[in-house]
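These notes are about the structure you will find just below.
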Amino acid sequence: MSTDTPIPTLADIETAHARIADYVHRTPVYHSELLDRHTGGELHFKCENLQKVGAFKARGASNAVLGLDDAQAAAGVATHSSGNHGAALAMAAGRRGIPAHIVMPENAPSVKKAAVAAYGATIIECESTLVAREEALASVLAETGAHAVPPYDDPRIVAGQGTVALELLQQVAELDLVVVPVGGGGLLAGVALAVKSINPEIEVMAVEPAGADDAFRSFGLGERVEQTAPNTIADGLRASLGVLNFAMIQRYVDTIVTVDDSTIVEAMKLQWSRLKTVTEPSGAVSYAGALEHPERFRGRRAGVVITGGNLDLDNLPW
């Protein structure tokens, strides 16, 4: 992604929301007084784990695919993904009746590979490095002529993911804080843009696993740092922060904090048992931020995005 790529606007997010409305769920917001007690705040959970394909990724992928003209769409679409974006793109492509080619790392969770395959996409496996993923995708694009839809560093993806915030701000009044996990940064960039455009007084906080903290380090240094050797159970957050997304995060995000994997597991257990909703490790990271940094939530009304609920039930992290 070029550094001179135009940054999306609130109007782009509103256009995306209208475009995808008939193709994705308006997900519910859950609240639990029991979960509030762990932080002293009032937490409202935006449940994108109940979204189509089990993750917020359905929004950006649908916006990108539905926005293609017929000539662009004719050869299909392609991407690389550890799972959720791949499934979302496969679903969106299937709805439009075009092929989808998904490059996936060999260590991607089997449940996520099965989901991609179930939507009719062609899976191309590669080694578990970003370089290998990008090289494999380049080969697929050369062989098929498909249209590339990046997993996060793309204005169409960012605008689609930003629709999460449009809904959240309509569903919960007078928020003090919105909390979002960060990996590649597409969701964070879109949500932060929407929140700050609608109400600049709302704080936007990102939460990142300590074992994959390139966004945290980039934000602190003021320059983008590449992800090198991520080590976290939150497989959806191991990607390097996108170029476009970092520029937006610098402009619209107030703070980034990190959490340990042990806290992510604790957050998952509490959400499963108290909120009665299944979250994957990446999806539980935002609530883990509240558990590990409760002083930032005490006495405040927060919107907390649960990003996904796709995981291998035969290989839970506890």
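Numbering starts fresh at 1 for the residues of each chain in the structure tokens, the chains themselves are lettered A, B, ... in the order given, and ligands are numbered from 1 as they appear.
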All strand (DSSP E) positions in stretch 91-305 of chain A, as a PDB file with C-alpha atoms, in the first residue's frame:
ATOM      1  CA  ALA A 100     -12.135 -16.599  -4.728  1.00  0.00           C
ATOM      2  CA  HIS A 101      -8.505 -17.683  -4.246  1.00  0.00           C
ATOM      3  CA  ILE A 102      -7.268 -17.619  -0.648  1.00  0.00           C
ATOM      4  CA  VAL A 103      -3.602 -17.998   0.329  1.00  0.00           C
ATOM      5  CA  MET A 104      -3.420 -19.353   3.884  1.00  0.00           C
ATOM      6  CA  PRO A 105      -0.418 -20.112   6.145  1.00  0.00           C
ATOM      7  CA  THR A 122      -9.720 -22.320  -3.593  1.00  0.00           C
ATOM      8  CA  ILE A 123      -7.133 -22.529  -0.775  1.00  0.00           C
ATOM      9  CA  ILE A 124      -3.403 -22.195  -1.516  1.00  0.00           C
ATOM     10  CA  GLU A 125      -1.242 -23.101   1.470  1.00  0.00           C
ATOM     11  CA  CYS A 126       2.138 -21.497   2.131  1.00  0.00           C
ATOM     12  CA  HIS A 147      -8.467  -8.788  -8.352  1.00  0.00           C
ATOM     13  CA  ALA A 148      -6.474  -8.451  -5.110  1.00  0.00           C
ATOM     14  CA  LEU A 177     -14.395   5.231  25.305  1.00  0.00           C
ATOM     15  CA  VAL A 178     -14.308   2.788  22.377  1.00  0.00           C
ATOM     16  CA  VAL A 179     -11.918  -0.176  22.602  1.00  0.00           C
ATOM     17  CA  VAL A 180     -10.707  -2.207  19.611  1.00  0.00           C
ATOM     18  CA  PRO A 181      -8.103  -4.977  19.118  1.00  0.00           C
ATOM     19  CA  GLU A 203     -11.416   8.240  23.476  1.00  0.00           C
ATOM     20  CA  VAL A 204     -10.293   5.516  21.070  1.00  0.00           C
ATOM     21  CA  MET A 205      -8.110   2.835  22.655  1.00  0.00           C
ATOM     22  CA  ALA A 206      -6.439  -0.073  20.879  1.00  0.00           C
ATOM     23  CA  VAL A 207      -5.385  -3.288  22.613  1.00  0.00           C
ATOM     24  CA  GLU A 208      -2.646  -5.575  21.286  1.00  0.00           C
ATOM     25  CA  PRO A 209      -1.089  -8.834  22.511  1.00  0.00           C
ATOM     26  CA  THR A 255      -3.711   5.246  23.029  1.00  0.00           C
ATOM     27  CA  ILE A 256      -2.541   1.660  22.518  1.00  0.00           C
ATOM     28  CA  VAL A 257      -1.994  -0.795  25.384  1.00  0.00           C
ATOM     29  CA  THR A 258      -0.753  -4.388  25.436  1.00  0.00           C
ATOM     30  CA  VAL A 259      -2.000  -7.476  27.267  1.00  0.00           C
ATOM     31  CA  ARG A 301     -18.939   4.039  29.744  1.00  0.00           C
ATOM     32  CA  ALA A 302     -17.092   1.972  27.143  1.00  0.00           C
ATOM     33  CA  GLY A 303     -17.937   0.312  23.852  1.00  0.00           C
ATOM     34  CA  VAL A 304     -15.835  -2.860  23.587  1.00  0.00           C
ATOM     35  CA  VAL A 305     -15.607  -4.588  20.205  1.00  0.00           C
TER      36      VAL A 305
END
I'd like a table as JSON lines: residues in stretch 269-306 of chain A with an atom no more than 8 Å from stretch 33-56 of chain A, each row giving the shortest atom pair and its distance in Å to one decimal, only C-alpha atoms counted, sorted by chain and rising residue number.
{"residue": "A:Leu270", "atom": "CA", "partner": "A:Leu35", "partner_atom": "CA", "distance": 7.3}
{"residue": "A:Gln271", "atom": "CA", "partner": "A:Leu35", "partner_atom": "CA", "distance": 8.0}
{"residue": "A:Arg274", "atom": "CA", "partner": "A:Leu34", "partner_atom": "CA", "distance": 7.0}
{"residue": "A:Leu275", "atom": "CA", "partner": "A:Leu35", "partner_atom": "CA", "distance": 7.9}
{"residue": "A:Val278", "atom": "CA", "partner": "A:Asn49", "partner_atom": "CA", "distance": 7.3}
{"residue": "A:Thr279", "atom": "CA", "partner": "A:Asn49", "partner_atom": "CA", "distance": 6.3}
{"residue": "A:Gly283", "atom": "CA", "partner": "A:Asn49", "partner_atom": "CA", "distance": 7.3}
{"residue": "A:Ala290", "atom": "CA", "partner": "A:Thr39", "partner_atom": "CA", "distance": 6.3}
{"residue": "A:Leu291", "atom": "CA", "partner": "A:Thr39", "partner_atom": "CA", "distance": 6.2}
{"residue": "A:Pro294", "atom": "CA", "partner": "A:Thr39", "partner_atom": "CA", "distance": 4.7}
{"residue": "A:Glu295", "atom": "CA", "partner": "A:Thr39", "partner_atom": "CA", "distance": 7.4}
{"residue": "A:Phe297", "atom": "CA", "partner": "A:Gly41", "partner_atom": "CA", "distance": 5.0}
{"residue": "A:Arg298", "atom": "CA", "partner": "A:Gly40", "partner_atom": "CA", "distance": 4.4}
{"residue": "A:Gly299", "atom": "CA", "partner": "A:Gly41", "partner_atom": "CA", "distance": 4.8}
{"residue": "A:Arg300", "atom": "CA", "partner": "A:Gly41", "partner_atom": "CA", "distance": 5.0}
{"residue": "A:Arg301", "atom": "CA", "partner": "A:Glu42", "partner_atom": "CA", "distance": 4.8}
{"residue": "A:Ala302", "atom": "CA", "partner": "A:Leu43", "partner_atom": "CA", "distance": 4.9}
{"residue": "A:Gly303", "atom": "CA", "partner": "A:His44", "partner_atom": "CA", "distance": 4.8}
{"residue": "A:Val304", "atom": "CA", "partner": "A:Phe45", "partner_atom": "CA", "distance": 4.7}
{"residue": "A:Val305", "atom": "CA", "partner": "A:Lys46", "partner_atom": "CA", "distance": 4.8}
{"residue": "A:Ile306", "atom": "CA", "partner": "A:Cys47", "partner_atom": "CA", "distance": 5.2}
Would you put the residues from that selection into a file with C-alpha atoms, as a PDB file, in the first residue's frame?
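And here's again07.pdb as it stands now:
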ATOM      1  CA  LEU A 270     -15.404 -14.620  31.453  1.00  0.00           C
ATOM      2  CA  GLN A 271     -17.121 -13.800  28.169  1.00  0.00           C
ATOM      3  CA  ARG A 274     -20.849 -14.631  31.972  1.00  0.00           C
ATOM      4  CA  LEU A 275     -21.729 -13.042  28.644  1.00  0.00           C
ATOM      5  CA  VAL A 278     -18.183 -17.567  22.180  1.00  0.00           C
ATOM      6  CA  THR A 279     -15.151 -15.406  21.475  1.00  0.00           C
ATOM      7  CA  GLY A 283     -11.873 -11.289  19.752  1.00  0.00           C
ATOM      8  CA  ALA A 290     -10.081  -3.746  30.448  1.00  0.00           C
ATOM      9  CA  LEU A 291      -8.988  -6.559  32.779  1.00  0.00           C
ATOM     10  CA  PRO A 294      -8.899  -1.370  34.808  1.00  0.00           C
ATOM     11  CA  GLU A 295      -7.853   2.120  35.874  1.00  0.00           C
ATOM     12  CA  PHE A 297     -12.145   2.085  32.529  1.00  0.00           C
ATOM     13  CA  ARG A 298     -13.169   2.916  36.088  1.00  0.00           C
ATOM     14  CA  GLY A 299     -16.293   5.081  36.146  1.00  0.00           C
ATOM     15  CA  ARG A 300     -16.445   5.245  32.349  1.00  0.00           C
ATOM     16  CA  ARG A 301     -18.939   4.039  29.744  1.00  0.00           C
ATOM     17  CA  ALA A 302     -17.092   1.972  27.143  1.00  0.00           C
ATOM     18  CA  GLY A 303     -17.937   0.312  23.852  1.00  0.00           C
ATOM     19  CA  VAL A 304     -15.835  -2.860  23.587  1.00  0.00           C
ATOM     20  CA  VAL A 305     -15.607  -4.588  20.205  1.00  0.00           C
ATOM     21  CA  ILE A 306     -15.579  -8.405  20.218  1.00  0.00           C
TER      22      ILE A 306
END
Pick from A:Ala189, A:Val182, A:Ala288, A:Ile198, whichever lies nearest to A:Gln170 using only C-alpha atoms:
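Between A:Ala189, A:Val182, A:Ala288, A:Ile198, the residue approaching A:Gln170 most closely is A:Ile198.
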Nearest candidate to A:Val243 (options A:Gln161, A:Leu89, A:Gly184, A:Trp318; using only C-alpha atoms)
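Residue with the minimum atom-to-atom distance to A:Val243: A:Gly184.
For the pair atom CA of A:Arg19 and atom CA of A:Leu68, the separation is 11.8 Å.
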Taking into account only C-alpha atoms, which residue in the set A:Ser262, A:Ser81, A:Gln250, A:Asn245 is nearest to A:Gly220?
A:Gln250
I need the residue nearest A:Val191 from this list: A:Ala132, A:Gly60, A:Trp272, A:Val285. Use only C-alpha atoms for the distance.
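Of all the options, A:Gly60 lies closest to A:Val191.
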Stretch 75-298 of chain A: which residues are helix (DSSP H, G or I) by DSSP, as a VMD selection string?
chain A and resid 84 to 96 110 to 118 130 to 144 155 to 171 186 to 198 210 to 212 214 to 221 235 to 237 243 to 252 261 to 275 281 to 292 294 to 296
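Pairwise distance (atom CA of A:Leu193, atom CA of A:Tyr252) equals 6.1 Å.
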